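Undergrad: So that you have it, the file is upload-v8.tsv, and it contains TSV, C-alpha atoms and all ligand atoms:
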```tsv
chain	number	residue	atom	x	y	z
A	1	MET	CA	0.66	-33.19	-34.91
A	2	PRO	CA	-0.51	-29.57	-34.39
A	3	VAL	CA	-1.85	-28.82	-30.92
A	4	ASP	CA	-5.31	-27.29	-30.80
A	5	ARG	CA	-4.68	-24.55	-28.24
A	6	ASN	CA	-8.35	-23.73	-27.91
A	7	ARG	CA	-8.93	-27.06	-26.19
A	8	SER	CA	-7.63	-26.45	-22.71
A	9	THR	CA	-7.97	-28.37	-19.48
A	10	PRO	CA	-9.53	-26.53	-16.53
A	11	THR	CA	-7.11	-26.10	-13.61
A	12	ALA	CA	-7.87	-28.37	-10.65
A	13	GLY	CA	-9.52	-26.46	-7.82
A	14	ASP	CA	-10.60	-23.57	-10.03
A	15	ARG	CA	-13.76	-22.06	-8.63
A	16	GLY	CA	-15.46	-21.60	-12.02
A	17	ALA	CA	-18.07	-18.91	-11.52
A	18	ALA	CA	-15.69	-16.76	-9.45
A	19	ASN	CA	-13.23	-16.56	-12.33
A	20	PRO	CA	-13.96	-13.53	-14.53
A	21	PHE	CA	-11.65	-14.94	-17.24
A	22	ALA	CA	-13.19	-18.40	-17.53
A	23	GLY	CA	-13.66	-19.42	-21.16
A	24	ALA	CA	-10.58	-17.59	-22.46
A	25	THR	CA	-9.52	-18.76	-25.93
A	26	PHE	CA	-6.39	-18.42	-28.03
A	27	VAL	CA	-6.89	-16.02	-30.96
A	28	LEU	CA	-3.61	-15.79	-32.88
A	29	SER	CA	0.16	-15.28	-32.76
A	30	CYS	CA	1.63	-12.18	-34.38
A	31	ALA	CA	5.15	-11.25	-35.41
A	32	LYS	CA	4.11	-7.78	-36.59
A	33	LEU	CA	1.76	-5.10	-35.32
A	34	ALA	CA	-0.17	-5.21	-38.61
A	35	GLN	CA	-1.26	-8.77	-37.81
A	36	LEU	CA	-2.93	-7.79	-34.51
A	37	PRO	CA	-6.74	-7.75	-34.32
A	38	ALA	CA	-8.10	-4.36	-35.39
A	39	ASP	CA	-11.43	-4.47	-33.53
A	40	GLY	CA	-10.33	-2.15	-30.70
A	41	LEU	CA	-11.27	-4.48	-27.81
A	42	PRO	CA	-9.55	-3.36	-24.57
A	43	GLU	CA	-6.27	-5.18	-24.20
A	44	ILE	CA	-4.04	-6.07	-21.25
A	45	ALA	CA	-0.45	-7.10	-22.02
A	46	PHE	CA	1.69	-9.49	-19.97
A	47	ALA	CA	5.31	-8.38	-20.06
A	48	GLY	CA	8.47	-9.49	-18.33
A	49	ARG	CA	11.79	-11.19	-18.48
A	50	SER	CA	12.11	-14.45	-20.32
A	51	ASN	CA	11.19	-17.38	-18.05
A	52	ALA	CA	9.75	-15.03	-15.38
A	53	GLY	CA	6.41	-16.85	-15.54
A	54	LYS	CA	4.21	-14.74	-17.85
A	55	SER	CA	2.50	-17.60	-19.66
A	56	SER	CA	2.00	-19.51	-16.39
A	57	ALA	CA	0.42	-16.46	-14.75
A	58	MET	CA	-1.93	-15.97	-17.69
A	59	ASN	CA	-2.94	-19.62	-17.59
A	60	VAL	CA	-3.76	-19.62	-13.90
A	61	LEU	CA	-5.60	-16.29	-14.18
A	62	CYS	CA	-7.76	-17.83	-16.91
A	63	GLY	CA	-8.16	-21.08	-14.96
A	64	GLN	CA	-6.66	-23.20	-17.73
A	65	LYS	CA	-3.56	-25.33	-17.71
A	66	GLN	CA	-2.44	-25.05	-21.32
A	67	LEU	CA	-3.92	-21.89	-22.75
A	68	ALA	CA	-0.52	-20.21	-23.20
A	69	ARG	CA	2.57	-22.39	-23.68
A	70	VAL	CA	4.76	-22.76	-20.61
A	71	SER	CA	8.36	-23.83	-21.04
A	72	LYS	CA	11.43	-24.57	-18.98
A	73	THR	CA	13.47	-23.18	-21.89
A	74	PRO	CA	13.74	-19.38	-21.62
A	75	GLY	CA	12.75	-17.41	-24.71
A	76	ARG	CA	10.08	-19.86	-25.83
A	77	THR	CA	7.36	-17.26	-26.45
A	78	GLN	CA	8.76	-15.27	-29.38
A	79	LEU	CA	5.57	-13.79	-30.80
A	80	ILE	CA	2.72	-11.77	-29.36
A	81	ASN	CA	0.06	-14.35	-28.50
A	82	MET	CA	-3.45	-12.97	-28.23
A	83	PHE	CA	-6.25	-14.47	-26.12
A	84	ASP	CA	-9.91	-13.50	-25.98
A	85	VAL	CA	-11.21	-13.12	-22.43
A	86	PRO	CA	-14.66	-11.90	-21.36
A	87	GLY	CA	-14.69	-8.13	-21.85
A	88	GLY	CA	-11.38	-7.86	-23.72
A	89	ARG	CA	-8.15	-9.51	-24.64
A	90	PHE	CA	-4.88	-10.61	-23.06
A	91	ALA	CA	-1.60	-10.29	-24.96
A	92	ASP	CA	1.27	-12.58	-23.92
A	93	LEU	CA	4.39	-10.65	-24.98
A	94	PRO	CA	7.72	-12.25	-25.83
A	95	GLY	CA	10.08	-12.21	-22.87
A	96	TYR	CA	13.20	-10.06	-22.83
A	97	GLY	CA	16.63	-10.36	-21.36
A	98	PHE	CA	17.52	-13.89	-22.31
A	99	ALA	CA	21.26	-13.77	-22.93
A	100	LYS	CA	21.55	-16.79	-25.23
A	101	VAL	CA	19.28	-15.32	-27.88
A	102	PRO	CA	21.22	-14.04	-30.94
A	103	LYS	CA	21.50	-10.23	-31.03
A	104	ASP	CA	19.47	-9.71	-34.21
A	105	ILE	CA	16.55	-11.78	-32.90
A	106	SER	CA	16.78	-9.97	-29.58
A	107	ARG	CA	16.64	-6.63	-31.41
A	108	ALA	CA	13.57	-7.73	-33.38
A	109	TRP	CA	11.76	-8.67	-30.14
A	110	GLY	CA	12.64	-5.33	-28.58
A	111	GLN	CA	11.32	-3.55	-31.65
A	112	LEU	CA	8.08	-5.56	-31.57
A	113	ILE	CA	7.48	-4.88	-27.88
A	114	GLY	CA	8.43	-1.21	-28.20
A	115	ASP	CA	6.15	-0.69	-31.21
A	116	TYR	CA	3.34	-2.51	-29.45
A	117	LEU	CA	3.62	-0.50	-26.23
A	118	GLN	CA	3.85	2.79	-28.01
A	119	GLY	CA	1.42	2.20	-30.86
A	120	ARG	CA	-1.37	-0.02	-29.61
A	121	ALA	CA	-4.24	2.39	-29.04
A	122	ASN	CA	-6.55	-0.09	-27.29
A	123	LEU	CA	-3.89	-1.14	-24.77
A	124	ARG	CA	-5.36	-0.44	-21.32
A	125	GLY	CA	-2.80	-1.84	-18.94
A	126	ILE	CA	0.32	-3.88	-18.37
A	127	VAL	CA	0.83	-6.87	-16.13
A	128	GLN	CA	4.53	-6.77	-15.39
A	129	ILE	CA	5.69	-10.21	-14.31
A	130	MET	CA	8.83	-10.40	-12.19
A	131	ASP	CA	10.38	-13.50	-10.66
A	132	ILE	CA	10.36	-12.49	-6.99
A	133	ARG	CA	13.95	-13.73	-6.69
A	134	HIS	CA	15.14	-11.32	-9.44
A	135	PRO	CA	12.88	-8.24	-9.35
A	136	LEU	CA	13.42	-4.85	-11.00
A	137	THR	CA	15.87	-5.60	-13.79
A	138	ASP	CA	16.85	-2.55	-15.86
A	139	PHE	CA	14.43	-3.56	-18.57
A	140	ASP	CA	11.61	-4.15	-16.04
A	141	VAL	CA	12.06	-0.59	-14.83
A	142	GLN	CA	12.21	0.74	-18.39
A	143	MET	CA	8.97	-1.06	-19.24
A	144	LEU	CA	7.26	0.44	-16.20
A	145	GLU	CA	8.51	3.91	-17.09
A	146	TRP	CA	7.27	3.57	-20.68
A	147	SER	CA	3.90	2.39	-19.40
A	148	ALA	CA	3.63	5.27	-16.95
A	149	HIS	CA	4.64	7.70	-19.71
A	150	ARG	CA	1.76	6.41	-21.83
A	151	GLY	CA	-0.64	6.68	-18.90
A	152	LEU	CA	-1.19	2.92	-18.69
A	153	ARG	CA	-2.14	1.16	-15.49
A	154	CYS	CA	0.34	-1.39	-14.29
A	155	LEU	CA	0.02	-4.43	-12.08
A	156	VAL	CA	3.35	-5.89	-10.95
A	157	LEU	CA	3.08	-9.56	-10.06
A	158	LEU	CA	6.02	-10.76	-7.98
A	159	THR	CA	5.60	-14.32	-9.07
A	160	LYS	CA	7.13	-17.63	-7.95
A	161	ALA	CA	6.52	-16.37	-4.41
A	162	ASP	CA	6.21	-20.06	-3.48
A	163	LYS	CA	10.00	-20.21	-3.85
A	164	LEU	CA	10.55	-17.90	-0.86
A	165	ARG	CA	9.52	-18.01	2.77
A	166	PHE	CA	6.59	-15.70	3.43
A	167	GLY	CA	8.70	-13.21	5.43
A	168	ALA	CA	11.28	-12.91	2.65
A	169	ALA	CA	8.52	-12.52	0.06
A	170	LYS	CA	6.91	-9.73	2.12
A	171	ASN	CA	10.26	-7.93	2.42
A	172	THR	CA	10.72	-8.03	-1.34
A	173	LEU	CA	7.17	-6.76	-1.80
A	174	LEU	CA	7.90	-3.76	0.43
A	175	LYS	CA	11.21	-3.10	-1.32
A	176	VAL	CA	9.62	-3.14	-4.77
A	177	GLN	CA	6.68	-1.01	-3.62
A	178	ARG	CA	9.11	1.56	-2.24
A	179	ALA	CA	11.21	1.53	-5.41
A	180	LEU	CA	8.16	2.12	-7.61
A	181	GLY	CA	6.42	4.53	-5.26
A	182	GLU	CA	7.01	7.50	-7.56
A	183	LEU	CA	5.27	5.95	-10.55
A	184	PRO	CA	1.54	6.67	-10.89
A	185	ASP	CA	-0.99	3.85	-11.31
A	186	VAL	CA	1.32	1.00	-10.34
A	187	GLN	CA	0.16	-1.74	-7.97
A	188	VAL	CA	2.47	-4.46	-6.71
A	189	GLN	CA	1.45	-7.80	-5.22
A	190	LEU	CA	2.75	-11.26	-4.40
A	191	PHE	CA	1.78	-14.04	-6.77
A	192	SER	CA	2.37	-17.69	-7.44
A	193	SER	CA	1.04	-19.66	-10.37
A	194	THR	CA	1.83	-22.83	-8.43
A	195	SER	CA	0.30	-22.09	-5.02
A	196	ARG	CA	-2.25	-19.59	-6.45
A	197	LEU	CA	-1.16	-16.97	-3.91
A	198	GLY	CA	-2.62	-13.60	-4.90
A	199	LEU	CA	-4.79	-15.08	-7.64
A	200	ASP	CA	-8.11	-13.61	-6.51
A	201	ASP	CA	-6.64	-10.12	-6.04
A	202	ALA	CA	-4.98	-10.15	-9.46
A	203	ARG	CA	-8.17	-11.36	-11.16
A	204	GLN	CA	-10.16	-8.63	-9.45
A	205	THR	CA	-7.73	-5.89	-10.50
A	206	LEU	CA	-7.65	-6.98	-14.15
A	207	HIS	CA	-11.40	-7.46	-14.26
A	208	ASP	CA	-11.85	-3.92	-12.88
A	209	TRP	CA	-9.56	-2.56	-15.63
A	210	LEU	CA	-11.62	-4.20	-18.37
A	211	VAL	CA	-14.91	-3.10	-16.82
A	212	ALA	CA	-13.58	0.48	-16.58
A	213	SER	CA	-12.63	0.27	-20.29
A	214	ALA	CA	-16.01	-1.03	-21.47
A	215	PRO	CA	-18.04	1.35	-23.65
A	216	VAL	CA	-20.94	3.03	-21.79
A	217	ASP	CA	-24.36	2.52	-23.49
A	301	LIG	N1	7.58	-22.58	-8.64
A	301	LIG	C1	7.02	-21.85	-9.60
A	301	LIG	N2	7.38	-22.02	-10.89
A	301	LIG	C2	6.81	-21.24	-11.83
A	301	LIG	C3	5.82	-20.25	-11.50
A	301	LIG	N3	5.46	-19.63	-12.64
A	301	LIG	C4	6.16	-20.20	-13.64
A	301	LIG	N4	6.98	-21.17	-13.17
A	301	LIG	C5	7.91	-22.00	-13.97
A	301	LIG	O1	8.84	-21.12	-14.62
A	301	LIG	C6	9.15	-21.59	-15.93
A	301	LIG	C7	8.84	-20.50	-16.96
A	301	LIG	O2	7.45	-20.27	-16.97
A	301	LIG	P1	6.72	-19.57	-18.23
A	301	LIG	O3	5.33	-19.27	-17.78
A	301	LIG	O4	6.88	-20.38	-19.46
A	301	LIG	O5	7.58	-18.23	-18.34
A	301	LIG	P2	7.48	-17.08	-19.47
A	301	LIG	O6	7.74	-15.79	-18.77
A	301	LIG	O7	6.19	-17.19	-20.22
A	301	LIG	O8	8.72	-17.45	-20.39
A	301	LIG	P3	9.01	-17.00	-21.92
A	301	LIG	O9	7.77	-17.30	-22.70
A	301	LIG	O10	10.18	-17.83	-22.30
A	301	LIG	O11	9.33	-15.55	-21.90
A	301	LIG	C8	8.33	-22.89	-16.13
A	301	LIG	O12	9.17	-23.99	-15.81
A	301	LIG	C9	7.20	-22.75	-15.11
A	301	LIG	O13	6.68	-23.97	-14.68
A	301	LIG	C10	5.46	-20.10	-10.11
A	301	LIG	O14	4.64	-19.27	-9.71
A	301	LIG	N5	6.10	-20.92	-9.21
A	302	MG	MG	5.82	-17.43	-22.24
```
Kindly return the structure encoded in the file as structure tokens.
TA:
Amino acid sequence: MPVDRNRSTPTAGDRGAANPFAGATFVLSCAKLAQLPADGLPEIAFAGRSNAGKSSAMNVLCGQKQLARVSKTPGRTQLINMFDVPGGRFADLPGYGFAKVPKDISRAWGQLIGDYLQGRANLRGIVQIMDIRHPLTDFDVQMLEWSAHRGLRCLVLLTKADKLRFGAAKNTLLKVQRALGELPDVQVQLFSSTSRLGLDDARQTLHDWLVASAPVD
């Protein structure tokens, strides 16, 4: 039976009015750029390694449990999934770097992400999701460099921070901040979709991006 992905369960403990992304809805899945909505709404893309926690982060940011599909199997999100949020749109990008994916499929994903990052005019920023236990893969760094080259803002979420002791998480945060210090417009923070660490800060940053992108009357 098909799952109606617009019917989502609110996350327990969500503070409702404080969430700027409450009421987010699934729009569509696209395999090609031509299928993306053409209305020019400001977009924020969630990028990162397969299984890093992109879909989980998007769900918790929107205060919904099953808005984007979460899976224990890496490589599950293979299309660009678009979600309407107040003031713009979120794009859940297919994850990269999953070794068991056949080469030709892997190439097609890379092409899709590359085309999207380079060609999507209404793209306003990137949320780069990194598993805090495996930060800064080569492709993570390449994504950040592409984004900086295009003048996009970037928020790095070091997610699954619940898996580390707080001191170890803080050390990784400092290490990643130092490593990315040269790149303009990059912010790095701790995050956990499970414990909700960093949730309010991340929501505020993304909300500010969309507000800054809104047309002035
Ligand atoms: N402990 C913990 N587990 C998490 C967190 N975020 C995600 N996970 C788990 O990590 C796995 C992958 O999460 P997804 O959100 O599906 O990851 P993804 O990056 O969207 O994966 P792909 O769509 O395959 O690229 C799932 O088993 C999640 O439950 C987190 O903050 N803490
Ligand atoms: Mg996913």
Undergrad: Hey, which residues sit close to ligand LIG 301 (chain A)? Say within 9 Å, counting all atoms listed in the file, and write them as an NGL selection string.
TA: :A and (46-59 or 68-78 or 92-98 or 129-131 or 158-163 or 191-197)
Undergrad: Fewer than 4 positions away in the same chain doesn't count, so skip those; otherwise give me all residues within 12 Å of Asp208 (chain A), counting only C-alpha atoms, as JSON, numbers by chain.
TA: {"A": [20, 21, 42, 44, 86, 87, 88, 124, 125, 153, 155, 201, 202, 203, 204, 212, 213, 214]}
Undergrad: May I ask which of the residues A:Ala24, A:Cys30, A:Leu180, A:Ala91 is the closest one to ligand MG 302 (chain A), counting all atoms listed in the file?
TA: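 Checking each candidate against ligand MG 302 (chain A), we get A:Ala91 as the closest.
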Undergrad: Separation of CA of Asp138 (chain A) and CA of Arg89 (chain A), in Å?
TA: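 One can read the CA of Asp138 (chain A) to CA of Arg89 (chain A) distance as 27.4 Å.
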Undergrad: How many Å lie between CA of Ser29 (chain A) and CA of Leu136 (chain A), rounded to one decimal?
TA: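 Taking CA of Ser29 (chain A) as the start and CA of Leu136 (chain A) as the end point, the length is 27.5 Å.
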Undergrad: Between CA of Val186 (chain A) and CA of Leu79 (chain A), measure the distance and give it in Å to one decimal.
TA: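 Calculated distance between CA of Val186 (chain A) and CA of Leu79 (chain A) is 25.6 Å.
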Undergrad: Pick out the closest residue to ligand MG 302 (chain A) from this set: A:Ile80, A:Arg178, A:Thr172, A:Trp209. Count all atoms listed in the file.
TA: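 Closest candidate: A:Ile80.
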Undergrad: As a ChimeraX atom specification, please: the residues near Ala121 (chain A) (cut-off 12 Å, all atoms listed in the file, same-chain neighbours under 6 positions excluded).
TA: /A:33,36-44,115,150-152
